[in-house]
Amino acid sequence: MALYSEKVMDHFLHPRNVGVLEDANGVGEVGNAKCGDIMKIYLKVEDGVVADVKFETFGCGSAIASSSMATELIKGKPLSDALTLTNQAVTEALDGLPAHKIHCSVLAEEAIKRAVLDYYKRAGLPYDKEFFRDVEGGHED
Ligand code: FES
């Protein structure tokens, strides 16, 4: 069996939603201290829905594929769906990742969570501090 699924290769070679969203109202950036990879997610939230989303990832192929798939999974969806997107869901949608690459999908979950938190803060909306505890501040592993 190939190390990477066809979906991983497809999203790595043809990533969806790459770039900067100039009118984003929520931005989240995370990094993995061990591999040094960085992922940035831009959200445009309108009426509680992820109207648009883009990403910039300086990282490995799995991180790029995970970002691409994650943006596809939350685009056009309620913000609550974006917030509950797990790295397992991203991995499953990619038809799996090798065990030593699972952490790459975790970056996508965390970057989105941080972007949603940024949106709540910018909009002055109340949020559950406990829920965001792991992404608030400079968490980097
Ligand atoms: Fe670090 Fe993939 S090796 S995100």
# chains A, B, ... in the order shown; residues from 1 in each chain; ligands from 1

call {"tool": "residues_near_ligand", "arguments": {"ligand": "ligand 1", "cutoff": "12 Å", "atoms": "only C-alpha atoms and all ligand atoms", "output": "PyMOL selection string"}}
result
chain A and resi 12+30-39+57-67+97-111+140-141

call {"tool": "select_by_dssp", "arguments": {"residues": "segment 1-110 of chain A", "states": "strand (DSSP E)", "output": "MDAnalysis selection string"}}
result
chainID A and resid 26:31 38:46 49:58

call {"tool": "select_by_dssp", "arguments": {"residues": "chain A", "states": "alpha helix (DSSP H)", "output": "PyMOL selection string"}}
result
chain A and resi 6-13+61-74+79-83+87-93+102-123

call {"tool": "residues_around", "arguments": {"residues": "segment 49-53 of chain A", "least_positions_apart": "5", "cutoff": "7 Å", "atoms": "only C-alpha atoms", "output": "PyMOL selection string"}}
result
chain A and resi 17+42-44+71+74-79

call {"tool": "atom_distance", "arguments": {"atom1": "atom CA of Lys113 of chain A", "atom2": "atom CA of Leu83 of chain A"}}
result
5.7 Å

call {"tool": "decode", "arguments": {"residues": "segment 13-111 of chain A", "atoms": "C-alpha atoms", "output": "PDB file, in the first residue's frame"}}
result
ATOM      1  CA  LEU A  13      -0.392  18.672  -5.390  1.00  0.00           C
ATOM      2  CA  HIS A  14      -3.561  20.725  -5.958  1.00  0.00           C
ATOM      3  CA  PRO A  15      -4.313  22.432  -2.656  1.00  0.00           C
ATOM      4  CA  ARG A  16      -7.695  24.184  -2.422  1.00  0.00           C
ATOM      5  CA  ASN A  17      -8.186  27.624  -0.872  1.00  0.00           C
ATOM      6  CA  VAL A  18      -4.523  28.627  -0.749  1.00  0.00           C
ATOM      7  CA  GLY A  19      -3.622  32.219  -0.021  1.00  0.00           C
ATOM      8  CA  VAL A  20      -4.471  35.222   2.063  1.00  0.00           C
ATOM      9  CA  LEU A  21      -8.010  36.401   2.689  1.00  0.00           C
ATOM     10  CA  GLU A  22      -7.688  40.177   2.720  1.00  0.00           C
ATOM     11  CA  ASP A  23     -11.048  40.748   4.403  1.00  0.00           C
ATOM     12  CA  ALA A  24     -10.719  37.941   6.939  1.00  0.00           C
ATOM     13  CA  ASN A  25     -12.325  38.635  10.301  1.00  0.00           C
ATOM     14  CA  GLY A  26     -10.633  35.734  12.076  1.00  0.00           C
ATOM     15  CA  VAL A  27      -7.033  34.601  11.670  1.00  0.00           C
ATOM     16  CA  GLY A  28      -5.303  31.748  13.429  1.00  0.00           C
ATOM     17  CA  GLU A  29      -1.682  30.687  13.255  1.00  0.00           C
ATOM     18  CA  VAL A  30      -0.091  27.672  14.866  1.00  0.00           C
ATOM     19  CA  GLY A  31       3.270  26.019  14.671  1.00  0.00           C
ATOM     20  CA  ASN A  32       4.763  22.724  15.641  1.00  0.00           C
ATOM     21  CA  ALA A  33       7.922  23.293  17.624  1.00  0.00           C
ATOM     22  CA  LYS A  34       9.396  19.910  16.718  1.00  0.00           C
ATOM     23  CA  CYS A  35       9.183  20.015  12.920  1.00  0.00           C
ATOM     24  CA  GLY A  36       9.024  23.813  12.617  1.00  0.00           C
ATOM     25  CA  ASP A  37       5.992  23.753  10.339  1.00  0.00           C
ATOM     26  CA  ILE A  38       3.564  26.672  10.448  1.00  0.00           C
ATOM     27  CA  MET A  39      -0.066  26.934   9.403  1.00  0.00           C
ATOM     28  CA  LYS A  40      -2.218  30.032   9.110  1.00  0.00           C
ATOM     29  CA  ILE A  41      -5.983  29.994   8.585  1.00  0.00           C
ATOM     30  CA  TYR A  42      -8.035  32.996   7.445  1.00  0.00           C
ATOM     31  CA  LEU A  43     -11.782  33.006   8.073  1.00  0.00           C
ATOM     32  CA  LYS A  44     -14.456  35.294   6.705  1.00  0.00           C
ATOM     33  CA  VAL A  45     -17.450  34.769   8.968  1.00  0.00           C
ATOM     34  CA  GLU A  46     -20.828  36.112   7.899  1.00  0.00           C
ATOM     35  CA  ASP A  47     -24.073  35.516   9.792  1.00  0.00           C
ATOM     36  CA  GLY A  48     -22.516  32.685  11.749  1.00  0.00           C
ATOM     37  CA  VAL A  49     -21.341  30.901   8.614  1.00  0.00           C
ATOM     38  CA  VAL A  50     -17.823  30.403   7.243  1.00  0.00           C
ATOM     39  CA  ALA A  51     -18.451  32.404   4.077  1.00  0.00           C
ATOM     40  CA  ASP A  52     -14.844  32.018   2.954  1.00  0.00           C
ATOM     41  CA  VAL A  53     -11.637  30.460   4.194  1.00  0.00           C
ATOM     42  CA  LYS A  54      -8.037  30.376   2.983  1.00  0.00           C
ATOM     43  CA  PHE A  55      -4.783  29.055   4.304  1.00  0.00           C
ATOM     44  CA  GLU A  56      -1.044  29.500   4.102  1.00  0.00           C
ATOM     45  CA  THR A  57       1.054  26.569   5.223  1.00  0.00           C
ATOM     46  CA  PHE A  58       4.791  26.491   5.462  1.00  0.00           C
ATOM     47  CA  GLY A  59       5.190  22.820   6.046  1.00  0.00           C
ATOM     48  CA  CYS A  60       5.224  19.234   4.915  1.00  0.00           C
ATOM     49  CA  GLY A  61       2.963  17.661   2.317  1.00  0.00           C
ATOM     50  CA  SER A  62       0.656  16.220   4.955  1.00  0.00           C
ATOM     51  CA  ALA A  63       0.252  19.627   6.568  1.00  0.00           C
ATOM     52  CA  ILE A  64      -0.611  21.158   3.194  1.00  0.00           C
ATOM     53  CA  ALA A  65      -3.076  18.361   2.395  1.00  0.00           C
ATOM     54  CA  SER A  66      -4.604  18.656   5.886  1.00  0.00           C
ATOM     55  CA  SER A  67      -5.031  22.433   5.546  1.00  0.00           C
ATOM     56  CA  SER A  68      -6.576  22.066   2.119  1.00  0.00           C
ATOM     57  CA  MET A  69      -9.013  19.370   3.244  1.00  0.00           C
ATOM     58  CA  ALA A  70      -9.867  21.225   6.440  1.00  0.00           C
ATOM     59  CA  THR A  71     -10.788  24.370   4.514  1.00  0.00           C
ATOM     60  CA  GLU A  72     -12.992  22.304   2.200  1.00  0.00           C
ATOM     61  CA  LEU A  73     -14.726  20.724   5.184  1.00  0.00           C
ATOM     62  CA  ILE A  74     -15.653  24.030   6.833  1.00  0.00           C
ATOM     63  CA  LYS A  75     -16.318  26.284   3.848  1.00  0.00           C
ATOM     64  CA  GLY A  76     -19.974  27.314   3.752  1.00  0.00           C
ATOM     65  CA  LYS A  77     -20.644  25.586   7.061  1.00  0.00           C
ATOM     66  CA  PRO A  78     -21.866  27.077  10.347  1.00  0.00           C
ATOM     67  CA  LEU A  79     -19.070  28.403  12.523  1.00  0.00           C
ATOM     68  CA  SER A  80     -19.989  25.787  15.134  1.00  0.00           C
ATOM     69  CA  ASP A  81     -19.007  23.063  12.628  1.00  0.00           C
ATOM     70  CA  ALA A  82     -15.625  24.715  12.098  1.00  0.00           C
ATOM     71  CA  LEU A  83     -15.130  24.835  15.819  1.00  0.00           C
ATOM     72  CA  THR A  84     -15.831  21.161  16.334  1.00  0.00           C
ATOM     73  CA  LEU A  85     -13.776  19.960  13.370  1.00  0.00           C
ATOM     74  CA  THR A  86     -11.322  17.402  14.688  1.00  0.00           C
ATOM     75  CA  ASN A  87      -8.043  16.266  13.264  1.00  0.00           C
ATOM     76  CA  GLN A  88      -9.579  12.777  13.090  1.00  0.00           C
ATOM     77  CA  ALA A  89     -12.268  14.110  10.745  1.00  0.00           C
ATOM     78  CA  VAL A  90      -9.595  15.726   8.569  1.00  0.00           C
ATOM     79  CA  THR A  91      -7.545  12.525   8.551  1.00  0.00           C
ATOM     80  CA  GLU A  92     -10.572  10.405   7.677  1.00  0.00           C
ATOM     81  CA  ALA A  93     -11.555  12.744   4.860  1.00  0.00           C
ATOM     82  CA  LEU A  94      -8.033  12.297   3.491  1.00  0.00           C
ATOM     83  CA  ASP A  95      -8.432   8.491   3.668  1.00  0.00           C
ATOM     84  CA  GLY A  96      -5.831   8.364   6.396  1.00  0.00           C
ATOM     85  CA  LEU A  97      -2.344   9.627   7.155  1.00  0.00           C
ATOM     86  CA  PRO A  98       0.687   7.629   8.272  1.00  0.00           C
ATOM     87  CA  ALA A  99       0.901   7.485  12.075  1.00  0.00           C
ATOM     88  CA  HIS A 100       3.939   9.742  12.222  1.00  0.00           C
ATOM     89  CA  LYS A 101       2.041  12.363  10.194  1.00  0.00           C
ATOM     90  CA  ILE A 102      -1.053  12.607  12.362  1.00  0.00           C
ATOM     91  CA  HIS A 103       0.375  15.663  14.104  1.00  0.00           C
ATOM     92  CA  CYS A 104       0.183  17.509  10.776  1.00  0.00           C
ATOM     93  CA  SER A 105      -3.619  17.222  10.836  1.00  0.00           C
ATOM     94  CA  VAL A 106      -3.635  18.461  14.431  1.00  0.00           C
ATOM     95  CA  LEU A 107      -2.209  21.751  13.164  1.00  0.00           C
ATOM     96  CA  ALA A 108      -5.323  22.208  11.002  1.00  0.00           C
ATOM     97  CA  GLU A 109      -7.682  21.635  13.925  1.00  0.00           C
ATOM     98  CA  GLU A 110      -5.736  24.045  16.123  1.00  0.00           C
ATOM     99  CA  ALA A 111      -5.301  26.749  13.482  1.00  0.00           C
TER     100      ALA A 111
END
